[in-house]
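Q: First the structure, then my questions, so here it is.
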Amino acid sequence: MQKVGAGETAWYAPLLNRRMLLCVFTGFSSGLPLYLLLNLLPAWLRSEGVNLKTIGLFALIQFPYTWKFLWAPLLDRYAPPLGRRRGWMVITQIGLLCSIATLGFLSPTVALDSIVWLTIAIALFSATQDIALDAFRREILPEQELGLGNSVHVNAYRIAGLVPGSLSLILADHLPWVQVFIITALFMLPGLLLALFAAEPAVAKSAPKTLREAVVEPFHEFVTRAGWREAVLILAFIFLYKLGDSMSTALATPFYLDMGFAKSQIGVVAKNAGLWPAVIGGLLGGLWMVKIGINRALWLFGVVQLLSIFGFAWLAWLGPRVAVGAAELAQLALVIGFEALGVGLGTAAFVAFIARATNPLYTATQFALFTSLAAVPRTFINATTGVLVEHMGWVGFFLLCAALAVPGMLLLVKVAPWRATTTTTHAPGRPA
């Protein structure tokens, strides 16, 4: 075993500091409500007889994730009693806990309109929470830990998805939906504990002096720093890099159901099969980013992310299962495991790129702007997925998703050159 001498740091040491633990909490709190909207909500609606086209249109309720940059300056400018980051975290997490629990008291067959409004509220609370959590995480991480910290965040984000995407689906086969949603809502408590007991970041205490400064300066600083041409390329890359991946998973749970798998099988096999590849791959990827840099990670992890989409196409090509045995479950586990690895790696590098693109003086607004742009495909383009599947079939749909993943990879030549090796602080798209 290699010994660590004086002045040397063990390769795993960055994983053991307190900041990484905080990133676990931010990821879990951020991921749970989004995965509820992406996985549990479609499964609930489908099991209650709602048609696929309507379920696809439910992607539009996620519009707050796209427009959150509009009210992000308010979170930069105004500080609730617990602080500019922690105060907003508490407010949004209490809102999420209550609204998620309330969802189970409604029936899709008689109160679909009320469900739409309540899920919009969940998306609004969730998007606002993300503004505070992203700013909090960016402000506690030093530059050299951005890749690893965001990798830990993404892994915790995906682990949180196992609650609505696995545990809740299993419970739905044995409990009424009202109890399922109450239990799911209680998993917001860890994030609430983080907000109550963590220290407020030092940078967060320096709020903009006016609302105008909070609104105008983040945009002015970004364009001035990068230049118009590079700024446009960066924004285009943020929009396109996750486009194909996001579309391919938009109707994942209904796809598994249409392939003949039961809700319990999806919960036990499909979701858990993606846990360890995502966690281990993501953590190793984060540590690897410390060595190779964010730029090369975007290239390498993006290729894996692209190839994982073809796994869905292969599963669809095999067709619906009349009977599900060990072989069929193994096929499902293989596809989901590779998808979890690819998306986990790609997302970790992507979020690290976004964090690097922000200036700590305007964290909330700039981070919200970039992540809002990244959410556009998931919110608006994904609303067309139900229609596309009905016209193209599942195989054609997944091949289209793979094709749409290519333009984002091509932009890496400009925004994250492979051969760039030196670091430029707060210069997005430049050497990492």
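The chains in the structure tokens are called A, B, ... from first to last as shown; in each chain the residues are counted from 1, and the ligands are counted from 1 in the order shown.
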Got a sec: who's within 6 Å of stretch 287-301 of chain A, counting only C-alpha atoms, leaving out chain neighbours fewer than 6 positions off, as a list of chain:residue names?
A: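 Here the qualifying residues turn out to be A:Gly147, A:Leu148, A:Leu345, A:Gly346, A:Ala349, A:Ala416, A:Trp418, A:Ala432.
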Q: Would you mind exporting all heavy atoms of the selected residues as a PDB file, in the first residue's frame?
A:
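Output (part-v3.pdb):
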```
ATOM      1  N   GLY A 147     -15.097  20.458  -9.374  1.00  0.00           N
ATOM      2  CA  GLY A 147     -15.438  19.226 -10.071  1.00  0.00           C
ATOM      3  C   GLY A 147     -15.892  18.139  -9.127  1.00  0.00           C
ATOM      4  O   GLY A 147     -16.944  17.517  -9.327  1.00  0.00           O
ATOM      5  N   LEU A 148     -15.136  17.901  -8.061  1.00  0.00           N
ATOM      6  CA  LEU A 148     -15.479  16.844  -7.114  1.00  0.00           C
ATOM      7  C   LEU A 148     -16.739  17.184  -6.334  1.00  0.00           C
ATOM      8  O   LEU A 148     -17.617  16.327  -6.153  1.00  0.00           O
ATOM      9  CB  LEU A 148     -14.310  16.618  -6.156  1.00  0.00           C
ATOM     10  CG  LEU A 148     -14.504  15.514  -5.114  1.00  0.00           C
ATOM     11  CD1 LEU A 148     -14.795  14.176  -5.790  1.00  0.00           C
ATOM     12  CD2 LEU A 148     -13.283  15.410  -4.209  1.00  0.00           C
ATOM     13  N   LEU A 345     -21.948  10.677 -15.031  1.00  0.00           N
ATOM     14  CA  LEU A 345     -20.666  11.273 -15.386  1.00  0.00           C
ATOM     15  C   LEU A 345     -20.858  12.577 -16.155  1.00  0.00           C
ATOM     16  O   LEU A 345     -20.233  13.596 -15.849  1.00  0.00           O
ATOM     17  CB  LEU A 345     -19.850  10.286 -16.228  1.00  0.00           C
ATOM     18  CG  LEU A 345     -19.306   9.045 -15.520  1.00  0.00           C
ATOM     19  CD1 LEU A 345     -18.689   8.091 -16.540  1.00  0.00           C
ATOM     20  CD2 LEU A 345     -18.281   9.418 -14.467  1.00  0.00           C
ATOM     21  N   GLY A 346     -21.724  12.552 -17.173  1.00  0.00           N
ATOM     22  CA  GLY A 346     -21.947  13.733 -17.993  1.00  0.00           C
ATOM     23  C   GLY A 346     -22.491  14.898 -17.196  1.00  0.00           C
ATOM     24  O   GLY A 346     -22.069  16.047 -17.373  1.00  0.00           O
ATOM     25  N   ALA A 349     -19.739  16.567 -14.851  1.00  0.00           N
ATOM     26  CA  ALA A 349     -18.850  17.475 -15.576  1.00  0.00           C
ATOM     27  C   ALA A 349     -19.592  18.729 -16.035  1.00  0.00           C
ATOM     28  O   ALA A 349     -19.051  19.845 -15.989  1.00  0.00           O
ATOM     29  CB  ALA A 349     -18.245  16.756 -16.787  1.00  0.00           C
ATOM     30  N   ALA A 416     -14.762  24.175 -24.677  1.00  0.00           N
ATOM     31  CA  ALA A 416     -13.932  23.391 -23.754  1.00  0.00           C
ATOM     32  C   ALA A 416     -12.903  22.586 -24.537  1.00  0.00           C
ATOM     33  O   ALA A 416     -12.989  21.363 -24.625  1.00  0.00           O
ATOM     34  CB  ALA A 416     -14.798  22.465 -22.894  1.00  0.00           C
ATOM     35  N   TRP A 418     -10.026  20.310 -25.890  1.00  0.00           N
ATOM     36  CA  TRP A 418      -9.401  19.147 -25.262  1.00  0.00           C
ATOM     37  C   TRP A 418      -7.986  19.439 -24.786  1.00  0.00           C
ATOM     38  O   TRP A 418      -7.573  19.018 -23.709  1.00  0.00           O
ATOM     39  CB  TRP A 418      -9.399  17.977 -26.250  1.00  0.00           C
ATOM     40  CG  TRP A 418      -8.628  16.779 -25.772  1.00  0.00           C
ATOM     41  CD1 TRP A 418      -7.310  16.490 -26.000  1.00  0.00           C
ATOM     42  CD2 TRP A 418      -9.122  15.717 -24.946  1.00  0.00           C
ATOM     43  NE1 TRP A 418      -6.951  15.312 -25.376  1.00  0.00           N
ATOM     44  CE2 TRP A 418      -8.049  14.809 -24.727  1.00  0.00           C
ATOM     45  CE3 TRP A 418     -10.367  15.432 -24.389  1.00  0.00           C
ATOM     46  CZ2 TRP A 418      -8.185  13.656 -23.971  1.00  0.00           C
ATOM     47  CZ3 TRP A 418     -10.507  14.274 -23.641  1.00  0.00           C
ATOM     48  CH2 TRP A 418      -9.436  13.398 -23.426  1.00  0.00           C
ATOM     49  N   ALA A 432      -9.304  24.452 -18.392  1.00  0.00           N
ATOM     50  CA  ALA A 432      -9.671  24.035 -17.042  1.00  0.00           C
ATOM     51  C   ALA A 432      -8.516  23.311 -16.404  1.00  0.00           C
ATOM     52  O   ALA A 432      -7.900  22.478 -17.023  1.00  0.00           O
ATOM     53  CB  ALA A 432     -10.887  23.136 -17.087  1.00  0.00           C
TER      54      ALA A 432
END
```
Q: Could you list, with a cut-off of 10 Å and counting only C-alpha atoms, the residues of stretch 24-53 of chain A near stretch 117-130 of chain A, each shown with its nearest atom pair and the distance in Å rounded to one decimal, rows sorted by chain and ascending number, as a Markdown table?
A:
```
| residue | atom | partner | partner_atom | distance |
| --- | --- | --- | --- | --- |
| A:Thr26 | CA | A:Asp130 | CA | 8.6 |
| A:Gly27 | CA | A:Asp130 | CA | 9.4 |
| A:Ser29 | CA | A:Gln129 | CA | 8.5 |
| A:Ser30 | CA | A:Asp130 | CA | 6.0 |
| A:Gly31 | CA | A:Ser126 | CA | 9.0 |
| A:Leu32 | CA | A:Ser126 | CA | 9.1 |
| A:Pro33 | CA | A:Ser126 | CA | 6.3 |
| A:Leu34 | CA | A:Ser126 | CA | 7.2 |
| A:Leu36 | CA | A:Ile122 | CA | 9.5 |
| A:Leu37 | CA | A:Thr119 | CA | 7.6 |
| A:Leu41 | CA | A:Thr119 | CA | 9.0 |
```
Q: Separation of atom CA of A:Gly285 and atom CA of A:His153, in Å?
A: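 Value for the atom CA of A:Gly285-atom CA of A:His153 distance: 12.5 Å.
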Q: If you measure from atom CA of A:Gly87 to atom CA of A:Asn17, what distance in Å do you get, rounded to one decimal?
A: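 So the answer is 24.1 Å.
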Q: Near stretch 306-319 of chain A, counting only C-alpha atoms, which residues have an atom at most 8 Å away, once you skip same-chain residues fewer than 2 positions from it, shown as a list of chain:residue names?
A: A:Gly244, A:Asp245, A:Ser248, A:Met259, A:Gly302, A:Val303, A:Val304, A:Arg321, A:Gln331, A:Leu332, A:Val335, A:Phe338, A:Glu339, A:Gly342, A:Val343, A:Trp394, A:Val395, A:Gly396, A:Phe398, A:Leu399, A:Cys401, A:Ala402, A:Ala405, A:Val406
Q: Residues of stretch 152-266 of chain A that approach stretch 354-378 of chain A to 8 Å or less, counting only C-alpha atoms: could you list each one with the shortest pair of atoms and its distance in Å to one decimal, rows by chain and increasing residue number, as CSV?
A:
```
residue,atom,partner,partner_atom,distance
A:Val203,CA,A:Pro360,CA,7.3
A:Ala214,CA,A:Tyr362,CA,7.6
A:Val215,CA,A:Thr365,CA,7.8
A:Glu217,CA,A:Tyr362,CA,7.8
A:Pro218,CA,A:Tyr362,CA,5.5
A:Phe219,CA,A:Gln366,CA,7.3
A:Phe222,CA,A:Thr358,CA,7.9
A:Leu235,CA,A:Phe370,CA,7.3
A:Ile238,CA,A:Ala374,CA,5.5
A:Phe239,CA,A:Ala374,CA,4.9
A:Leu240,CA,A:Ala374,CA,7.7
A:Lys242,CA,A:Ala374,CA,7.3
A:Leu243,CA,A:Pro377,CA,5.7
A:Ser246,CA,A:Arg378,CA,5.8
A:Met247,CA,A:Arg378,CA,6.8
A:Ala250,CA,A:Arg378,CA,7.3
```
Q: Take the residues that were just selected and, keeping N, CA, C and O atoms, output them as a short mmCIF file (atom, residue, chain, number, x, y, z; two decimals), in the first residue's frame.
A:
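Saved result, part_1.cif, follows:
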```
data_model
loop_
_atom_site.label_atom_id
_atom_site.label_comp_id
_atom_site.auth_asym_id
_atom_site.auth_seq_id
_atom_site.Cartn_x
_atom_site.Cartn_y
_atom_site.Cartn_z
N VAL A 203 -19.29 34.60 1.59
CA VAL A 203 -19.59 35.41 0.41
C VAL A 203 -21.04 35.84 0.41
O VAL A 203 -21.40 36.93 -0.03
N ALA A 214 -28.53 43.90 -8.34
CA ALA A 214 -28.72 42.45 -8.32
C ALA A 214 -29.22 41.92 -9.65
O ALA A 214 -28.95 40.77 -10.02
N VAL A 215 -29.94 42.76 -10.41
CA VAL A 215 -30.52 42.32 -11.70
C VAL A 215 -29.55 42.54 -12.84
O VAL A 215 -29.33 41.65 -13.67
N GLU A 217 -26.03 43.70 -12.95
CA GLU A 217 -24.61 43.40 -12.89
C GLU A 217 -24.24 41.95 -13.24
O GLU A 217 -23.22 41.73 -13.90
N PRO A 218 -25.02 40.94 -12.81
CA PRO A 218 -24.64 39.56 -13.17
C PRO A 218 -24.57 39.35 -14.68
O PRO A 218 -23.67 38.66 -15.18
N PHE A 219 -25.51 39.92 -15.43
CA PHE A 219 -25.51 39.77 -16.89
C PHE A 219 -24.39 40.61 -17.52
O PHE A 219 -23.70 40.15 -18.44
N PHE A 222 -20.97 38.89 -16.93
CA PHE A 222 -20.75 37.69 -17.75
C PHE A 222 -20.38 38.06 -19.18
O PHE A 222 -19.41 37.53 -19.74
N LEU A 235 -23.65 29.75 -23.98
CA LEU A 235 -25.08 29.57 -23.75
C LEU A 235 -25.66 28.51 -24.68
O LEU A 235 -26.51 27.71 -24.27
N ILE A 238 -24.63 25.11 -23.24
CA ILE A 238 -25.43 24.78 -22.05
C ILE A 238 -26.81 24.27 -22.46
O ILE A 238 -27.36 23.34 -21.86
N PHE A 239 -27.37 24.85 -23.52
CA PHE A 239 -28.68 24.43 -24.00
C PHE A 239 -28.63 23.04 -24.64
O PHE A 239 -29.53 22.22 -24.45
N LEU A 240 -27.56 22.75 -25.39
CA LEU A 240 -27.54 21.55 -26.23
C LEU A 240 -26.90 20.32 -25.60
O LEU A 240 -27.21 19.20 -25.99
N LYS A 242 -27.14 18.58 -22.86
CA LYS A 242 -27.98 17.56 -22.23
C LYS A 242 -29.30 17.34 -22.97
O LYS A 242 -30.18 16.65 -22.45
N LEU A 243 -29.43 17.89 -24.17
CA LEU A 243 -30.71 17.83 -24.89
C LEU A 243 -31.13 16.39 -25.19
O LEU A 243 -32.24 15.96 -24.82
N SER A 246 -31.71 14.33 -21.95
CA SER A 246 -32.93 14.73 -21.25
C SER A 246 -34.18 14.18 -21.93
O SER A 246 -35.09 13.67 -21.27
N MET A 247 -34.23 14.25 -23.25
CA MET A 247 -35.39 13.73 -23.98
C MET A 247 -35.52 12.22 -23.83
O MET A 247 -36.63 11.69 -23.70
N ALA A 250 -37.24 11.37 -20.54
CA ALA A 250 -38.45 12.12 -20.18
C ALA A 250 -39.64 11.20 -19.88
O ALA A 250 -40.45 11.50 -19.00
#
```
Q: For A:Leu329, which residue out of A:Leu388, A:Ala383, A:Ala278, A:Val268 is the nearest one, using only C-alpha atoms?
A: A:Val268
Q: With stretch 156-162 of chain A as the partner and 12 Å as the cut-off, tabulate the residues of stretch 225-293 of chain A that qualify, each row holding the nearest pair of atoms and their distance in Å to one decimal, using only C-alpha atoms, sorted by chain and rising number, as JSON lines.
A:
```
{"residue": "A:Ile266", "atom": "CA", "partner": "A:Leu162", "partner_atom": "CA", "distance": 10.9}
{"residue": "A:Gly267", "atom": "CA", "partner": "A:Leu162", "partner_atom": "CA", "distance": 8.1}
{"residue": "A:Val268", "atom": "CA", "partner": "A:Leu162", "partner_atom": "CA", "distance": 9.7}
{"residue": "A:Val269", "atom": "CA", "partner": "A:Leu162", "partner_atom": "CA", "distance": 11.2}
{"residue": "A:Ala270", "atom": "CA", "partner": "A:Leu162", "partner_atom": "CA", "distance": 10.1}
{"residue": "A:Lys271", "atom": "CA", "partner": "A:Leu162", "partner_atom": "CA", "distance": 6.4}
{"residue": "A:Asn272", "atom": "CA", "partner": "A:Leu162", "partner_atom": "CA", "distance": 7.4}
{"residue": "A:Ala273", "atom": "CA", "partner": "A:Leu162", "partner_atom": "CA", "distance": 10.6}
{"residue": "A:Gly274", "atom": "CA", "partner": "A:Arg158", "partner_atom": "CA", "distance": 9.1}
{"residue": "A:Leu275", "atom": "CA", "partner": "A:Ile159", "partner_atom": "CA", "distance": 6.8}
{"residue": "A:Trp276", "atom": "CA", "partner": "A:Ile159", "partner_atom": "CA", "distance": 9.5}
{"residue": "A:Pro277", "atom": "CA", "partner": "A:Arg158", "partner_atom": "CA", "distance": 11.0}
{"residue": "A:Ala278", "atom": "CA", "partner": "A:Arg158", "partner_atom": "CA", "distance": 7.6}
{"residue": "A:Val279", "atom": "CA", "partner": "A:Ile159", "partner_atom": "CA", "distance": 7.9}
{"residue": "A:Ile280", "atom": "CA", "partner": "A:Ala156", "partner_atom": "CA", "distance": 11.5}
{"residue": "A:Gly282", "atom": "CA", "partner": "A:Ala156", "partner_atom": "CA", "distance": 9.9}
{"residue": "A:Leu283", "atom": "CA", "partner": "A:Ala156", "partner_atom": "CA", "distance": 10.4}
```
Q: Create the file for the chosen residues now, containing N, CA and C atoms and written as a PDB file, in the first residue's frame.
A:
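Once written, again.pdb looks like this:
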```
ATOM      1  N   ILE A 266     -39.840  -2.334 -11.792  1.00  0.00           N
ATOM      2  CA  ILE A 266     -39.151  -1.081 -12.121  1.00  0.00           C
ATOM      3  C   ILE A 266     -38.483  -0.518 -10.872  1.00  0.00           C
ATOM      4  N   GLY A 267     -39.219  -0.537  -9.753  1.00  0.00           N
ATOM      5  CA  GLY A 267     -38.687   0.015  -8.517  1.00  0.00           C
ATOM      6  C   GLY A 267     -37.488  -0.749  -8.004  1.00  0.00           C
ATOM      7  N   VAL A 268     -37.571  -2.081  -8.017  1.00  0.00           N
ATOM      8  CA  VAL A 268     -36.504  -2.902  -7.429  1.00  0.00           C
ATOM      9  C   VAL A 268     -35.319  -3.054  -8.370  1.00  0.00           C
ATOM     10  N   VAL A 269     -35.592  -3.357  -9.644  1.00  0.00           N
ATOM     11  CA  VAL A 269     -34.514  -3.684 -10.580  1.00  0.00           C
ATOM     12  C   VAL A 269     -34.022  -2.462 -11.337  1.00  0.00           C
ATOM     13  N   ALA A 270     -34.915  -1.800 -12.049  1.00  0.00           N
ATOM     14  CA  ALA A 270     -34.487  -0.723 -12.945  1.00  0.00           C
ATOM     15  C   ALA A 270     -33.800   0.404 -12.201  1.00  0.00           C
ATOM     16  N   LYS A 271     -34.390   0.870 -11.118  1.00  0.00           N
ATOM     17  CA  LYS A 271     -33.809   2.008 -10.416  1.00  0.00           C
ATOM     18  C   LYS A 271     -32.559   1.626  -9.635  1.00  0.00           C
ATOM     19  N   ASN A 272     -32.627   0.531  -8.890  1.00  0.00           N
ATOM     20  CA  ASN A 272     -31.466   0.150  -8.083  1.00  0.00           C
ATOM     21  C   ASN A 272     -30.291  -0.286  -8.942  1.00  0.00           C
ATOM     22  N   ALA A 273     -30.551  -0.805 -10.130  1.00  0.00           N
ATOM     23  CA  ALA A 273     -29.459  -1.187 -11.022  1.00  0.00           C
ATOM     24  C   ALA A 273     -28.633   0.018 -11.429  1.00  0.00           C
ATOM     25  N   GLY A 274     -29.227   1.202 -11.372  1.00  0.00           N
ATOM     26  CA  GLY A 274     -28.495   2.403 -11.733  1.00  0.00           C
ATOM     27  C   GLY A 274     -27.810   3.087 -10.572  1.00  0.00           C
ATOM     28  N   LEU A 275     -28.042   2.603  -9.348  1.00  0.00           N
ATOM     29  CA  LEU A 275     -27.503   3.301  -8.190  1.00  0.00           C
ATOM     30  C   LEU A 275     -25.983   3.221  -8.117  1.00  0.00           C
ATOM     31  N   TRP A 276     -25.437   2.001  -8.050  1.00  0.00           N
ATOM     32  CA  TRP A 276     -23.998   1.865  -7.849  1.00  0.00           C
ATOM     33  C   TRP A 276     -23.175   2.329  -9.049  1.00  0.00           C
ATOM     34  N   PRO A 277     -23.578   2.042 -10.301  1.00  0.00           N
ATOM     35  CA  PRO A 277     -22.820   2.628 -11.411  1.00  0.00           C
ATOM     36  C   PRO A 277     -22.784   4.149 -11.358  1.00  0.00           C
ATOM     37  N   ALA A 278     -23.913   4.772 -10.971  1.00  0.00           N
ATOM     38  CA  ALA A 278     -23.954   6.229 -10.907  1.00  0.00           C
ATOM     39  C   ALA A 278     -23.095   6.767  -9.773  1.00  0.00           C
ATOM     40  N   VAL A 279     -23.207   6.147  -8.595  1.00  0.00           N
ATOM     41  CA  VAL A 279     -22.480   6.637  -7.423  1.00  0.00           C
ATOM     42  C   VAL A 279     -20.976   6.413  -7.570  1.00  0.00           C
ATOM     43  N   ILE A 280     -20.583   5.167  -7.863  1.00  0.00           N
ATOM     44  CA  ILE A 280     -19.155   4.854  -7.976  1.00  0.00           C
ATOM     45  C   ILE A 280     -18.539   5.577  -9.173  1.00  0.00           C
ATOM     46  N   GLY A 282     -19.660   8.264 -10.664  1.00  0.00           N
ATOM     47  CA  GLY A 282     -19.669   9.707 -10.445  1.00  0.00           C
ATOM     48  C   GLY A 282     -18.565  10.164  -9.510  1.00  0.00           C
ATOM     49  N   LEU A 283     -18.351   9.420  -8.415  1.00  0.00           N
ATOM     50  CA  LEU A 283     -17.295   9.791  -7.469  1.00  0.00           C
ATOM     51  C   LEU A 283     -15.909   9.639  -8.091  1.00  0.00           C
TER      52      LEU A 283
END
```
Q: Contacts of stretch 97-110 of chain A at 8 Å or less, counting only C-alpha atoms, minus same-chain residues fewer than 4 places along, as a PyMOL selection string?
A: chain A and resi 45+48-50+93+114-115+118-119+121-122+177-186+188-189
Q: Could you please determine the separation between atom CA of A:Leu75 and atom CA of A:Trp88 in Å, to one decimal place?
A: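 So the two atoms, atom CA of A:Leu75 and atom CA of A:Trp88, lie 7.3 Å apart.
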Q: Per DSSP on the backbone, what are the alpha helix (DSSP H) residues of stretch 79-149 of chain A, as a PyMOL selection string?
A: chain A and resi 86-103+112-140+146-149
Q: Ranking A:Leu171, A:Val216, A:Leu52, A:Ala79 by minimum distance to A:Val387 and counting only C-alpha atoms, which one comes first?
A: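 Of the candidates, the smallest distance to A:Val387 is held by A:Leu52.
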Q: Let me make sure I understand: among A:Met409, A:Ala340, A:Leu40, A:Val389, which one has the smallest atom-to-atom distance to A:Leu167 if we use only C-alpha atoms?
A: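 Nearest candidate to A:Leu167 out of A:Met409, A:Ala340, A:Leu40, A:Val389: A:Leu40.
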